Each structure stands twice: as structure tokens, then as C-alpha cells.
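Please read the structure below before turning to the comments.
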Amino acid sequence: MSIEIFPGTKPLTRPAPPNWGEISPEGKRATVVRFALVNRWVSFPADQVKRWEHAVGEPEMLTIKTEKEEIVIEGRELAEIRAALDLGRLCELRVNFPRPTGARPGPQVRRITIETA
């Protein structure tokens, strides 16, 4: 339980950004979705992202389809990333696994691959 000194006021600091990527500010849509691979960055205009499928299991798989490519994300707890896609707010996704001990909870992205469909 937390105690609010001035209930309803904005916090003085913004929450730390997620360590798995970036999302656009509340109420704004991403114009580009960028993926950080081992040796390069790949960006897609957000309107080219056509479909995504989240398969739960070990590991979880999030498959994103564009017009010509298929992006496959492997990891755990990927629901937050899927929600960012659902809301059109996913700007960047990067690998963040393995996490250091004591790191905050959230998605663990182990691998990102991009294949031609």
C-alpha cells in the first residue's frame, strides 16, 4: 500500500521505460515499429504490421506478420508487448534476456528473428 501525499496529482517523476523496448506516450500511436537484432536494427512503418499471434508455452512465441516478412519473438511474459501492439503503441523491441537478478518484472525477450514470408 502506498500513501499519496496529494491524491490525484501527477507524480513528480515518470516511470522508468521498459527494458525490453519503447512504447509511445499515452494517447499517441507509433508511426514506426523498430526491432533490435544482434547485428542491425530493422524498422517497419506501423501500418505495414498486419497481424500478430501470441502462442503461450515455454517459450512463448509472438509472431508478427507484415506484407513481406514475419517477425518471431521468443521469450516469457510477452502479454505486455502484445498489448502495446494491440494499442498501436509499440515503437521498439529489443532482447533483454537474461535479466540481472533483482530486475523488475515484465517481458523477457530472448530472441527476435525476421524471415521473408
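Residue numbering restarts at 1 for every chain of the C-alpha cells, chains are lettered A, B, ... in their displayed order, and ligands are numbered from 1 as they appear.
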
task: Step one, run DSSP on the backbone; step two, keep only residues of chain A assigned to strand (DSSP E or B); then write them as an MDAnalysis selection string.
output: chainID A and resid 21:23 32:36 41:45 51:55 60:65 69:76 90:94 108:116

Export N, CA and C atoms of the chosen residues as a short mmCIF file (atom, residue, chain, number, x, y, z; two decimals), in the first residue's frame?
```cif
data_model
loop_
_atom_site.label_atom_id
_atom_site.label_comp_id
_atom_site.auth_asym_id
_atom_site.auth_seq_id
_atom_site.Cartn_x
_atom_site.Cartn_y
_atom_site.Cartn_z
N GLY A 21 12.09 -2.44 -24.53
CA GLY A 21 11.82 -1.62 -25.71
C GLY A 21 11.24 -0.27 -25.35
N GLU A 22 10.49 0.29 -26.29
CA GLU A 22 9.86 1.60 -26.09
C GLU A 22 8.43 1.55 -26.57
N ILE A 23 7.57 2.30 -25.87
CA ILE A 23 6.20 2.47 -26.32
C ILE A 23 5.93 3.97 -26.45
N VAL A 32 6.32 4.06 -36.46
CA VAL A 32 7.31 3.06 -36.89
C VAL A 32 7.47 2.04 -35.78
N VAL A 33 7.65 0.77 -36.17
CA VAL A 33 7.96 -0.29 -35.22
C VAL A 33 9.38 -0.76 -35.56
N ARG A 34 10.28 -0.65 -34.58
CA ARG A 34 11.71 -0.93 -34.79
C ARG A 34 12.09 -2.17 -33.98
N PHE A 35 12.87 -3.07 -34.61
CA PHE A 35 13.34 -4.29 -33.95
C PHE A 35 14.85 -4.26 -33.89
N ALA A 36 15.40 -4.49 -32.69
CA ALA A 36 16.84 -4.53 -32.49
C ALA A 36 17.30 -5.98 -32.59
N TRP A 41 19.46 -2.98 -36.85
CA TRP A 41 18.11 -2.53 -36.48
C TRP A 41 17.25 -2.61 -37.74
N VAL A 42 16.00 -3.05 -37.59
CA VAL A 42 15.08 -3.13 -38.71
C VAL A 42 13.80 -2.39 -38.30
N SER A 43 13.38 -1.44 -39.15
CA SER A 43 12.18 -0.65 -38.86
C SER A 43 11.12 -0.90 -39.93
N PHE A 44 9.88 -0.92 -39.51
CA PHE A 44 8.74 -1.07 -40.40
C PHE A 44 7.78 0.08 -40.13
N PRO A 45 7.19 0.68 -41.17
CA PRO A 45 6.09 1.61 -40.90
C PRO A 45 4.99 0.85 -40.15
N ARG A 51 -0.75 -8.42 -38.78
CA ARG A 51 -1.35 -9.42 -37.90
C ARG A 51 -0.31 -9.90 -36.91
N TRP A 52 -0.74 -10.30 -35.71
CA TRP A 52 0.17 -10.90 -34.75
C TRP A 52 -0.57 -12.00 -34.01
N GLU A 53 0.21 -12.98 -33.58
CA GLU A 53 -0.33 -14.13 -32.88
C GLU A 53 0.57 -14.44 -31.69
N HIS A 54 -0.04 -14.60 -30.53
CA HIS A 54 0.71 -14.86 -29.30
C HIS A 54 0.42 -16.30 -28.88
N ALA A 55 1.43 -17.17 -28.97
CA ALA A 55 1.30 -18.56 -28.55
C ALA A 55 1.94 -18.73 -27.18
N GLU A 60 7.27 -18.68 -24.85
CA GLU A 60 6.15 -18.03 -25.52
C GLU A 60 6.65 -17.53 -26.87
N MET A 61 5.77 -17.50 -27.86
CA MET A 61 6.13 -17.01 -29.18
C MET A 61 5.11 -15.93 -29.58
N LEU A 62 5.63 -14.82 -30.04
CA LEU A 62 4.80 -13.76 -30.58
C LEU A 62 5.22 -13.61 -32.04
N THR A 63 4.32 -13.95 -32.95
CA THR A 63 4.61 -13.90 -34.39
C THR A 63 3.89 -12.71 -34.99
N ILE A 64 4.65 -11.83 -35.62
CA ILE A 64 4.11 -10.60 -36.22
C ILE A 64 4.29 -10.70 -37.73
N LYS A 65 3.23 -10.49 -38.47
CA LYS A 65 3.31 -10.57 -39.93
C LYS A 65 3.18 -9.17 -40.53
N GLU A 69 7.37 -9.85 -44.59
CA GLU A 69 8.20 -10.51 -43.59
C GLU A 69 7.37 -11.05 -42.44
N GLU A 70 8.01 -11.96 -41.69
CA GLU A 70 7.44 -12.49 -40.47
C GLU A 70 8.47 -12.30 -39.37
N ILE A 71 8.07 -11.63 -38.30
CA ILE A 71 8.95 -11.38 -37.16
C ILE A 71 8.53 -12.33 -36.05
N VAL A 72 9.49 -13.08 -35.51
CA VAL A 72 9.19 -14.03 -34.45
C VAL A 72 9.96 -13.60 -33.20
N ILE A 73 9.21 -13.43 -32.10
CA ILE A 73 9.78 -13.04 -30.82
C ILE A 73 9.61 -14.23 -29.88
N GLU A 74 10.71 -14.67 -29.27
CA GLU A 74 10.68 -15.75 -28.28
C GLU A 74 10.97 -15.16 -26.92
N GLY A 75 10.25 -15.66 -25.91
CA GLY A 75 10.52 -15.18 -24.56
C GLY A 75 9.50 -15.66 -23.56
N ARG A 76 9.32 -14.85 -22.52
CA ARG A 76 8.36 -15.13 -21.46
C ARG A 76 7.61 -13.85 -21.13
N LEU A 90 3.59 0.18 -29.84
CA LEU A 90 4.92 -0.42 -29.84
C LEU A 90 5.83 0.34 -30.79
N CYS A 91 6.88 0.96 -30.27
CA CYS A 91 7.85 1.71 -31.08
C CYS A 91 9.12 0.90 -31.31
N GLU A 92 9.58 0.19 -30.29
CA GLU A 92 10.85 -0.53 -30.39
C GLU A 92 10.80 -1.77 -29.53
N LEU A 93 11.44 -2.83 -30.02
CA LEU A 93 11.55 -4.07 -29.27
C LEU A 93 12.98 -4.56 -29.35
N ARG A 94 13.54 -4.94 -28.19
CA ARG A 94 14.91 -5.43 -28.15
C ARG A 94 15.03 -6.60 -27.17
N GLN A 108 10.33 -10.86 -20.98
CA GLN A 108 11.71 -11.30 -21.18
C GLN A 108 11.82 -11.71 -22.65
N VAL A 109 12.50 -10.93 -23.44
CA VAL A 109 12.66 -11.22 -24.86
C VAL A 109 14.00 -11.92 -25.05
N ARG A 110 13.96 -13.18 -25.45
CA ARG A 110 15.18 -13.98 -25.62
C ARG A 110 15.75 -13.85 -27.03
N ARG A 111 14.87 -13.81 -28.02
CA ARG A 111 15.35 -13.79 -29.40
C ARG A 111 14.31 -13.13 -30.30
N ILE A 112 14.82 -12.40 -31.30
CA ILE A 112 13.98 -11.79 -32.32
C ILE A 112 14.57 -12.21 -33.67
N THR A 113 13.73 -12.79 -34.53
CA THR A 113 14.17 -13.15 -35.87
C THR A 113 13.21 -12.58 -36.88
N ILE A 114 13.75 -12.22 -38.06
CA ILE A 114 12.92 -11.72 -39.15
C ILE A 114 13.19 -12.59 -40.36
N GLU A 115 12.11 -13.15 -40.90
CA GLU A 115 12.20 -14.04 -42.06
C GLU A 115 11.31 -13.51 -43.17
N THR A 116 11.72 -13.78 -44.40
CA THR A 116 10.89 -13.42 -45.56
C THR A 116 9.75 -14.41 -45.65
#
```

All residues 12 Å or closer to Glu26 of chain A, only C-alpha atoms, same chain fewer than 3 positions away omitted, as a PyMOL selection string: chain A and resi 23+29-30+84+87-90

- prompt: Hey, can you check how far atom CA of Val95 of chain A sits from atom CA of Arg82 of chain A?
  reply: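 Between atom CA of Val95 of chain A and atom CA of Arg82 of chain A the gap works out to 15.2 Å.
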
- prompt: How many Å separate atom CA of Val56 of chain A from atom CA of Trp20 of chain A?
  reply: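 Separating atom CA of Val56 of chain A from atom CA of Trp20 of chain A is a distance of 18.4 Å.
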
- request: For atom CA of Val38 of chain A and atom CA of Leu78 of chain A, quote the distance in Å rounded to one decimal.
  value: 19.5 Å

field: Residue list (helix (DSSP H, G or I), DSSP) for segment 31-107 of chain A, as a PyMOL selection string
entry: chain A and resi 46-48+79-86

query: Which of these, A:Asp47, A:Pro59, A:Thr66, A:Pro107, has the shortest distance to Glu80 of chain A once you count only C-alpha atoms?
result: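 Smallest separation from Glu80 of chain A among the options: A:Pro107.
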
Of the listed residues A:Arg40, A:Ala117, A:Phe97, A:Glu77, that which approaches Glu58 of chain A most closely, counting only C-alpha atoms: A:Glu77

message: Under the rule that only C-alpha atoms are counted, which of A:Val49, A:Gly106, A:Gly27, A:Leu37 is the nearest residue to Ile81 of chain A?
response: A:Gly106
